[in-house]
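One structure below.
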Amino acid sequence: MTREEKNIEIDSLAQQFSEFPNFYITNVESLNSEKTSKLRRLCYSKNVKLRVAKNNLIKKALQKLDPTAYDTLIPALKGTSAIMFSEVSNVPAKLIKEFRAKDSIPAIKAAWIDSSVFVGDNQLEILANLKSKNELIAEVIAILQSPAKNVVSQLSSSGSKLAGILKTLEEKGS
């Protein structure tokens, strides 16, 4: 690979790193071509971009974006690395869990989730259980709607009880 090709690759990686708020650096070293194809199809179906790149180019792309912000990720760049880019923070972790039901790879080396760093494969459960922004918004809306629903329910049930009492009194009076 020539210096010019490397620079193009670094620029391309840097653009993807800045484009996506979440990315996972994974180890896909022992996957054969059949399993790699299955992983790529699964990533495509879940709207996750999978990209294999040389560790040195990944490092230079991260440093190009910010010389110090990604320092905690650099030690994870060993062996064969693939990067999973995603808009939703927990989708790659869930995808990895699903894929690993049949295999032990891919393994998480490190993850960058909205400027938070997770290092090591032991973080998989935590990452998979993270709630996405949309899930958190839905929970807040549900919590806010709950008291209003209770008030409406109480008012409507009180109204029907009152109507029943009036009807009973009317029948007794006749």
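A note on labels: chains of the structure tokens are A, B, ... as shown, every chain counts residues from 1, and ligands are counted from 1 in their shown order.
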So which bits of range 3-172 of chain A end up strand (DSSP E or B) when you DSSP the backbone, as a JSON list (two decimals) with all heavy atoms, in the first residue's frame?
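Output contents, as saved in selection_35.json:
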[["chain", "number", "residue", "atom", "x", "y", "z"],
["A", 22, "ASN", "N", -21.01, 5.96, 17.82],
["A", 22, "ASN", "CA", -20.69, 4.71, 18.49],
["A", 22, "ASN", "C", -19.90, 3.80, 17.55],
["A", 22, "ASN", "O", -20.27, 3.63, 16.40],
["A", 22, "ASN", "CB", -21.98, 3.97, 18.88],
["A", 22, "ASN", "CG", -22.96, 4.86, 19.59],
["A", 22, "ASN", "OD1", -22.67, 5.37, 20.66],
["A", 22, "ASN", "ND2", -24.12, 5.07, 18.99],
["A", 23, "PHE", "N", -18.82, 3.22, 18.09],
["A", 23, "PHE", "CA", -18.11, 2.21, 17.32],
["A", 23, "PHE", "C", -17.46, 1.21, 18.26],
["A", 23, "PHE", "O", -17.13, 1.52, 19.39],
["A", 23, "PHE", "CB", -17.09, 2.82, 16.34],
["A", 23, "PHE", "CG", -16.00, 3.63, 16.99],
["A", 23, "PHE", "CD1", -14.83, 3.02, 17.43],
["A", 23, "PHE", "CD2", -16.12, 5.01, 17.14],
["A", 23, "PHE", "CE1", -13.81, 3.77, 18.02],
["A", 23, "PHE", "CE2", -15.11, 5.76, 17.71],
["A", 23, "PHE", "CZ", -13.96, 5.14, 18.16],
["A", 24, "TYR", "N", -17.36, 0.00, 17.75],
["A", 24, "TYR", "CA", -16.76, -1.10, 18.50],
["A", 24, "TYR", "C", -15.53, -1.57, 17.72],
["A", 24, "TYR", "O", -15.61, -1.76, 16.51],
["A", 24, "TYR", "CB", -17.72, -2.28, 18.59],
["A", 24, "TYR", "CG", -18.91, -2.09, 19.50],
["A", 24, "TYR", "CD1", -19.80, -1.04, 19.34],
["A", 24, "TYR", "CD2", -19.15, -2.99, 20.53],
["A", 24, "TYR", "CE1", -20.89, -0.88, 20.17],
["A", 24, "TYR", "CE2", -20.24, -2.84, 21.37],
["A", 24, "TYR", "CZ", -21.11, -1.78, 21.18],
["A", 24, "TYR", "OH", -22.19, -1.63, 22.01],
["A", 25, "ILE", "N", -14.43, -1.78, 18.42],
["A", 25, "ILE", "CA", -13.25, -2.39, 17.81],
["A", 25, "ILE", "C", -13.28, -3.85, 18.25],
["A", 25, "ILE", "O", -13.29, -4.14, 19.45],
["A", 25, "ILE", "CB", -11.95, -1.69, 18.26],
["A", 25, "ILE", "CG1", -11.98, -0.21, 17.86],
["A", 25, "ILE", "CG2", -10.74, -2.39, 17.67],
["A", 25, "ILE", "CD1", -10.86, 0.62, 18.43],
["A", 26, "THR", "N", -13.34, -4.74, 17.27],
["A", 26, "THR", "CA", -13.53, -6.16, 17.58],
["A", 26, "THR", "C", -12.42, -7.01, 16.98],
["A", 26, "THR", "O", -11.73, -6.61, 16.05],
["A", 26, "THR", "CB", -14.88, -6.66, 17.04],
["A", 26, "THR", "OG1", -14.89, -6.51, 15.61],
["A", 26, "THR", "CG2", -16.04, -5.91, 17.64],
["A", 27, "ASN", "N", -12.30, -8.21, 17.53],
["A", 27, "ASN", "CA", -11.35, -9.20, 17.04],
["A", 27, "ASN", "C", -12.12, -10.22, 16.21],
["A", 27, "ASN", "O", -13.00, -10.91, 16.73],
["A", 27, "ASN", "CB", -10.66, -9.88, 18.22],
["A", 27, "ASN", "CG", -9.72, -10.99, 17.79],
["A", 27, "ASN", "OD1", -9.45, -11.17, 16.61],
["A", 27, "ASN", "ND2", -9.23, -11.73, 18.75],
["A", 49, "LYS", "N", -22.27, -0.89, 10.18],
["A", 49, "LYS", "CA", -21.22, -0.93, 9.14],
["A", 49, "LYS", "C", -20.00, -1.63, 9.73],
["A", 49, "LYS", "O", -19.48, -1.22, 10.76],
["A", 49, "LYS", "CB", -20.87, 0.47, 8.69],
["A", 49, "LYS", "CG", -22.03, 1.18, 8.01],
["A", 49, "LYS", "CD", -21.59, 2.42, 7.31],
["A", 49, "LYS", "CE", -22.69, 3.21, 6.71],
["A", 49, "LYS", "NZ", -23.71, 2.55, 5.99],
["A", 50, "LEU", "N", -19.56, -2.69, 9.07],
["A", 50, "LEU", "CA", -18.39, -3.46, 9.49],
["A", 50, "LEU", "C", -17.24, -3.15, 8.55],
["A", 50, "LEU", "O", -17.39, -3.20, 7.33],
["A", 50, "LEU", "CB", -18.70, -4.96, 9.46],
["A", 50, "LEU", "CG", -17.57, -5.88, 9.86],
["A", 50, "LEU", "CD1", -17.27, -5.74, 11.35],
["A", 50, "LEU", "CD2", -17.95, -7.33, 9.55],
["A", 51, "ARG", "N", -16.10, -2.81, 9.13],
["A", 51, "ARG", "CA", -14.94, -2.45, 8.32],
["A", 51, "ARG", "C", -13.68, -3.02, 8.96],
["A", 51, "ARG", "O", -13.42, -2.80, 10.14],
["A", 51, "ARG", "CB", -14.85, -0.94, 8.22],
["A", 51, "ARG", "CG", -13.74, -0.48, 7.32],
["A", 51, "ARG", "CD", -13.90, 0.97, 7.02],
["A", 51, "ARG", "NE", -12.81, 1.40, 6.15],
["A", 51, "ARG", "CZ", -12.69, 2.61, 5.69],
["A", 51, "ARG", "NH1", -13.58, 3.52, 6.02],
["A", 51, "ARG", "NH2", -11.69, 2.93, 4.92],
["A", 52, "VAL", "N", -12.90, -3.74, 8.18],
["A", 52, "VAL", "CA", -11.62, -4.26, 8.64],
["A", 52, "VAL", "C", -10.53, -3.30, 8.18],
["A", 52, "VAL", "O", -10.54, -2.84, 7.05],
["A", 52, "VAL", "CB", -11.36, -5.68, 8.07],
["A", 52, "VAL", "CG1", -10.01, -6.20, 8.52],
["A", 52, "VAL", "CG2", -12.46, -6.64, 8.49],
["A", 53, "ALA", "N", -9.63, -2.98, 9.11],
["A", 53, "ALA", "CA", -8.55, -2.04, 8.77],
["A", 53, "ALA", "C", -7.31, -2.39, 9.59],
["A", 53, "ALA", "O", -7.39, -3.05, 10.62],
["A", 53, "ALA", "CB", -8.98, -0.61, 9.06],
["A", 81, "SER", "N", -8.13, -6.37, 13.52],
["A", 81, "SER", "CA", -9.22, -5.54, 14.06],
["A", 81, "SER", "C", -10.27, -5.24, 13.00],
["A", 81, "SER", "O", -9.94, -4.93, 11.86],
["A", 81, "SER", "CB", -8.67, -4.22, 14.60],
["A", 81, "SER", "OG", -7.81, -4.43, 15.69],
["A", 82, "ALA", "N", -11.51, -5.33, 13.43],
["A", 82, "ALA", "CA", -12.64, -4.89, 12.61],
["A", 82, "ALA", "C", -13.39, -3.86, 13.42],
["A", 82, "ALA", "O", -13.47, -3.95, 14.65],
["A", 82, "ALA", "CB", -13.54, -6.07, 12.28],
["A", 83, "ILE", "N", -13.93, -2.88, 12.75],
["A", 83, "ILE", "CA", -14.66, -1.81, 13.42],
["A", 83, "ILE", "C", -16.12, -1.93, 13.04],
["A", 83, "ILE", "O", -16.46, -2.07, 11.86],
["A", 83, "ILE", "CB", -14.13, -0.43, 13.02],
["A", 83, "ILE", "CG1", -12.61, -0.39, 13.20],
["A", 83, "ILE", "CG2", -14.77, 0.66, 13.85],
["A", 83, "ILE", "CD1", -11.94, 0.63, 12.36],
["A", 84, "MET", "N", -16.99, -1.88, 14.05],
["A", 84, "MET", "CA", -18.43, -1.86, 13.82],
["A", 84, "MET", "C", -18.94, -0.46, 14.15],
["A", 84, "MET", "O", -18.83, -0.01, 15.28],
["A", 84, "MET", "CB", -19.13, -2.88, 14.72],
["A", 84, "MET", "CG", -18.82, -4.30, 14.40],
["A", 84, "MET", "SD", -19.72, -5.39, 15.53],
["A", 84, "MET", "CE", -19.50, -6.94, 14.69],
["A", 85, "PHE", "N", -19.46, 0.22, 13.14],
["A", 85, "PHE", "CA", -20.00, 1.57, 13.31],
["A", 85, "PHE", "C", -21.51, 1.48, 13.41],
["A", 85, "PHE", "O", -22.14, 0.75, 12.64],
["A", 85, "PHE", "CB", -19.65, 2.44, 12.09],
["A", 85, "PHE", "CG", -18.17, 2.67, 11.92],
["A", 85, "PHE", "CD1", -17.43, 1.91, 11.02],
["A", 85, "PHE", "CD2", -17.52, 3.67, 12.64],
["A", 85, "PHE", "CE1", -16.08, 2.13, 10.85],
["A", 85, "PHE", "CE2", -16.17, 3.90, 12.47],
["A", 85, "PHE", "CZ", -15.45, 3.13, 11.57],
["A", 86, "SER", "N", -22.09, 2.24, 14.35],
["A", 86, "SER", "CA", -23.54, 2.19, 14.52],
["A", 86, "SER", "C", -24.08, 3.50, 15.07],
["A", 86, "SER", "O", -23.42, 4.18, 15.84],
["A", 86, "SER", "CB", -23.91, 1.05, 15.48],
["A", 86, "SER", "OG", -25.28, 1.04, 15.75],
["A", 107, "ALA", "N", -14.88, -10.91, 19.28],
["A", 107, "ALA", "CA", -14.67, -10.49, 20.66],
["A", 107, "ALA", "C", -14.46, -8.99, 20.68],
["A", 107, "ALA", "O", -13.84, -8.43, 19.79],
["A", 107, "ALA", "CB", -13.46, -11.20, 21.24],
["A", 108, "ILE", "N", -14.99, -8.35, 21.70],
["A", 108, "ILE", "CA", -14.85, -6.89, 21.81],
["A", 108, "ILE", "C", -13.48, -6.56, 22.39],
["A", 108, "ILE", "O", -13.11, -7.05, 23.44],
["A", 108, "ILE", "CB", -15.95, -6.30, 22.70],
["A", 108, "ILE", "CG1", -17.32, -6.53, 22.06],
["A", 108, "ILE", "CG2", -15.72, -4.81, 22.93],
["A", 108, "ILE", "CD1", -18.47, -6.09, 22.92],
["A", 109, "LYS", "N", -12.75, -5.73, 21.67],
["A", 109, "LYS", "CA", -11.48, -5.21, 22.18],
["A", 109, "LYS", "C", -11.75, -3.92, 22.95],
["A", 109, "LYS", "O", -11.24, -3.72, 24.04],
["A", 109, "LYS", "CB", -10.52, -4.92, 21.04],
["A", 109, "LYS", "CG", -10.02, -6.15, 20.30],
["A", 109, "LYS", "CD", -9.08, -5.70, 19.20],
["A", 109, "LYS", "CE", -8.52, -6.87, 18.43],
["A", 109, "LYS", "NZ", -7.53, -6.43, 17.44],
["A", 110, "ALA", "N", -12.56, -3.04, 22.34],
["A", 110, "ALA", "CA", -12.91, -1.77, 22.97],
["A", 110, "ALA", "C", -14.14, -1.21, 22.26],
["A", 110, "ALA", "O", -14.45, -1.59, 21.13],
["A", 110, "ALA", "CB", -11.76, -0.78, 22.87],
["A", 111, "ALA", "N", -14.84, -0.32, 22.95],
["A", 111, "ALA", "CA", -16.02, 0.33, 22.37],
["A", 111, "ALA", "C", -16.03, 1.80, 22.77],
["A", 111, "ALA", "O", -15.65, 2.14, 23.89],
["A", 111, "ALA", "CB", -17.29, -0.36, 22.82],
["A", 112, "TRP", "N", -16.47, 2.63, 21.85],
["A", 112, "TRP", "CA", -16.62, 4.06, 22.08],
["A", 112, "TRP", "C", -18.11, 4.36, 21.95],
["A", 112, "TRP", "O", -18.69, 4.26, 20.88],
["A", 112, "TRP", "CB", -15.82, 4.84, 21.04],
["A", 112, "TRP", "CG", -15.93, 6.32, 21.14],
["A", 112, "TRP", "CD1", -16.85, 7.12, 20.52],
["A", 112, "TRP", "CD2", -15.09, 7.20, 21.90],
["A", 112, "TRP", "NE1", -16.63, 8.42, 20.83],
["A", 112, "TRP", "CE2", -15.55, 8.51, 21.68],
["A", 112, "TRP", "CE3", -13.99, 7.00, 22.72],
["A", 112, "TRP", "CZ2", -14.95, 9.62, 22.26],
["A", 112, "TRP", "CZ3", -13.39, 8.11, 23.30],
["A", 112, "TRP", "CH2", -13.87, 9.39, 23.07],
["A", 113, "ILE", "N", -18.75, 4.69, 23.07],
["A", 113, "ILE", "CA", -20.18, 4.95, 23.08],
["A", 113, "ILE", "C", -20.40, 6.39, 23.54],
["A", 113, "ILE", "O", -20.29, 6.68, 24.72],
["A", 113, "ILE", "CB", -20.93, 3.98, 24.02],
["A", 113, "ILE", "CG1", -20.55, 2.52, 23.74],
["A", 113, "ILE", "CG2", -22.43, 4.20, 23.96],
["A", 113, "ILE", "CD1", -20.94, 2.00, 22.38],
["A", 116, "SER", "N", -17.88, 7.65, 25.83],
["A", 116, "SER", "CA", -17.53, 6.76, 26.94],
["A", 116, "SER", "C", -16.78, 5.57, 26.36],
["A", 116, "SER", "O", -17.12, 5.06, 25.30],
["A", 116, "SER", "CB", -18.78, 6.25, 27.66],
["A", 116, "SER", "OG", -19.46, 7.31, 28.27],
["A", 117, "VAL", "N", -15.76, 5.11, 27.09],
["A", 117, "VAL", "CA", -14.92, 4.03, 26.61],
["A", 117, "VAL", "C", -15.17, 2.77, 27.42],
["A", 117, "VAL", "O", -15.22, 2.81, 28.65],
["A", 117, "VAL", "CB", -13.43, 4.42, 26.69],
["A", 117, "VAL", "CG1", -12.54, 3.28, 26.25],
["A", 117, "VAL", "CG2", -13.16, 5.66, 25.86],
["A", 118, "PHE", "N", -15.32, 1.66, 26.73],
["A", 118, "PHE", "CA", -15.45, 0.35, 27.35],
["A", 118, "PHE", "C", -14.35, -0.52, 26.77],
["A", 118, "PHE", "O", -14.25, -0.65, 25.55],
["A", 118, "PHE", "CB", -16.82, -0.27, 27.03],
["A", 118, "PHE", "CG", -17.98, 0.52, 27.57],
["A", 118, "PHE", "CD1", -18.49, 1.61, 26.87],
["A", 118, "PHE", "CD2", -18.55, 0.19, 28.78],
["A", 118, "PHE", "CE1", -19.56, 2.34, 27.37],
["A", 118, "PHE", "CE2", -19.62, 0.91, 29.29],
["A", 118, "PHE", "CZ", -20.12, 2.00, 28.58],
["A", 119, "VAL", "N", -13.52, -1.11, 27.62],
["A", 119, "VAL", "CA", -12.39, -1.90, 27.14],
["A", 119, "VAL", "C", -12.55, -3.34, 27.61],
["A", 119, "VAL", "O", -12.79, -3.59, 28.79],
["A", 119, "VAL", "CB", -11.05, -1.32, 27.65],
["A", 119, "VAL", "CG1", -9.89, -2.18, 27.19],
["A", 119, "VAL", "CG2", -10.87, 0.12, 27.16]]
Nearby residues (only C-alpha atoms) at most 7 Å from range 55-71 of chain A, same-chain spacing under 4 positions excluded, as a PyMOL selection string: chain A and resi 10-11+13-14+77-78+81
Export all heavy atoms of the chosen residues as a PDB file, in the first residue's frame?
ATOM      1  N   ILE A  10      -6.854   6.505   5.776  1.00  0.00           N
ATOM      2  CA  ILE A  10      -6.916   7.219   7.061  1.00  0.00           C
ATOM      3  C   ILE A  10      -8.025   8.274   7.014  1.00  0.00           C
ATOM      4  O   ILE A  10      -8.816   8.389   7.958  1.00  0.00           O
ATOM      5  CB  ILE A  10      -5.546   7.861   7.400  1.00  0.00           C
ATOM      6  CG1 ILE A  10      -4.535   6.764   7.748  1.00  0.00           C
ATOM      7  CG2 ILE A  10      -5.675   8.863   8.538  1.00  0.00           C
ATOM      8  CD1 ILE A  10      -3.089   7.243   7.817  1.00  0.00           C
ATOM      9  N   ASP A  11      -8.112   9.019   5.918  1.00  0.00           N
ATOM     10  CA  ASP A  11      -9.158  10.036   5.773  1.00  0.00           C
ATOM     11  C   ASP A  11     -10.552   9.397   5.784  1.00  0.00           C
ATOM     12  O   ASP A  11     -11.481   9.914   6.414  1.00  0.00           O
ATOM     13  CB  ASP A  11      -8.970  10.843   4.488  1.00  0.00           C
ATOM     14  CG  ASP A  11      -7.755  11.758   4.545  1.00  0.00           C
ATOM     15  OD1 ASP A  11      -7.284  12.059   5.663  1.00  0.00           O
ATOM     16  OD2 ASP A  11      -7.276  12.171   3.469  1.00  0.00           O
ATOM     17  N   LEU A  13     -11.397   6.487   7.150  1.00  0.00           N
ATOM     18  CA  LEU A  13     -11.672   6.019   8.514  1.00  0.00           C
ATOM     19  C   LEU A  13     -12.031   7.188   9.430  1.00  0.00           C
ATOM     20  O   LEU A  13     -12.987   7.099  10.214  1.00  0.00           O
ATOM     21  CB  LEU A  13     -10.463   5.270   9.082  1.00  0.00           C
ATOM     22  CG  LEU A  13     -10.261   3.829   8.640  1.00  0.00           C
ATOM     23  CD1 LEU A  13      -8.874   3.338   9.022  1.00  0.00           C
ATOM     24  CD2 LEU A  13     -11.323   2.937   9.241  1.00  0.00           C
ATOM     25  N   ALA A  14     -11.281   8.268   9.341  1.00  0.00           N
ATOM     26  CA  ALA A  14     -11.544   9.442  10.179  1.00  0.00           C
ATOM     27  C   ALA A  14     -12.946   9.987   9.922  1.00  0.00           C
ATOM     28  O   ALA A  14     -13.651  10.378  10.863  1.00  0.00           O
ATOM     29  CB  ALA A  14     -10.497  10.517   9.924  1.00  0.00           C
ATOM     30  N   LEU A  77      -5.625  -1.931  20.122  1.00  0.00           N
ATOM     31  CA  LEU A  77      -5.345  -2.159  18.702  1.00  0.00           C
ATOM     32  C   LEU A  77      -4.190  -3.142  18.530  1.00  0.00           C
ATOM     33  O   LEU A  77      -3.062  -2.762  18.238  1.00  0.00           O
ATOM     34  CB  LEU A  77      -5.051  -0.831  18.002  1.00  0.00           C
ATOM     35  CG  LEU A  77      -6.215   0.146  17.951  1.00  0.00           C
ATOM     36  CD1 LEU A  77      -5.769   1.489  17.412  1.00  0.00           C
ATOM     37  CD2 LEU A  77      -7.350  -0.415  17.126  1.00  0.00           C
ATOM     38  N   LYS A  78      -4.504  -4.410  18.713  1.00  0.00           N
ATOM     39  CA  LYS A  78      -3.536  -5.490  18.515  1.00  0.00           C
ATOM     40  C   LYS A  78      -4.226  -6.607  17.745  1.00  0.00           C
ATOM     41  O   LYS A  78      -5.420  -6.802  17.878  1.00  0.00           O
ATOM     42  CB  LYS A  78      -3.048  -6.023  19.868  1.00  0.00           C
ATOM     43  CG  LYS A  78      -2.219  -5.025  20.643  1.00  0.00           C
ATOM     44  CD  LYS A  78      -1.750  -5.617  21.958  1.00  0.00           C
ATOM     45  CE  LYS A  78      -0.894  -4.592  22.666  1.00  0.00           C
ATOM     46  NZ  LYS A  78      -1.373  -4.241  23.980  1.00  0.00           N
ATOM     47  N   SER A  81      -8.133  -6.370  13.525  1.00  0.00           N
ATOM     48  CA  SER A  81      -9.220  -5.538  14.060  1.00  0.00           C
ATOM     49  C   SER A  81     -10.266  -5.239  12.999  1.00  0.00           C
ATOM     50  O   SER A  81      -9.937  -4.926  11.863  1.00  0.00           O
ATOM     51  CB  SER A  81      -8.674  -4.216  14.601  1.00  0.00           C
ATOM     52  OG  SER A  81      -7.815  -4.427  15.687  1.00  0.00           O
TER      53      SER A  81
END
Which of A:Glu87, A:Asp103, A:Glu19, A:Glu4 sits closest to Leu31 in chain A [using only C-alpha atoms]: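 Of all the options, A:Asp103 lies closest to Leu31 in chain A.
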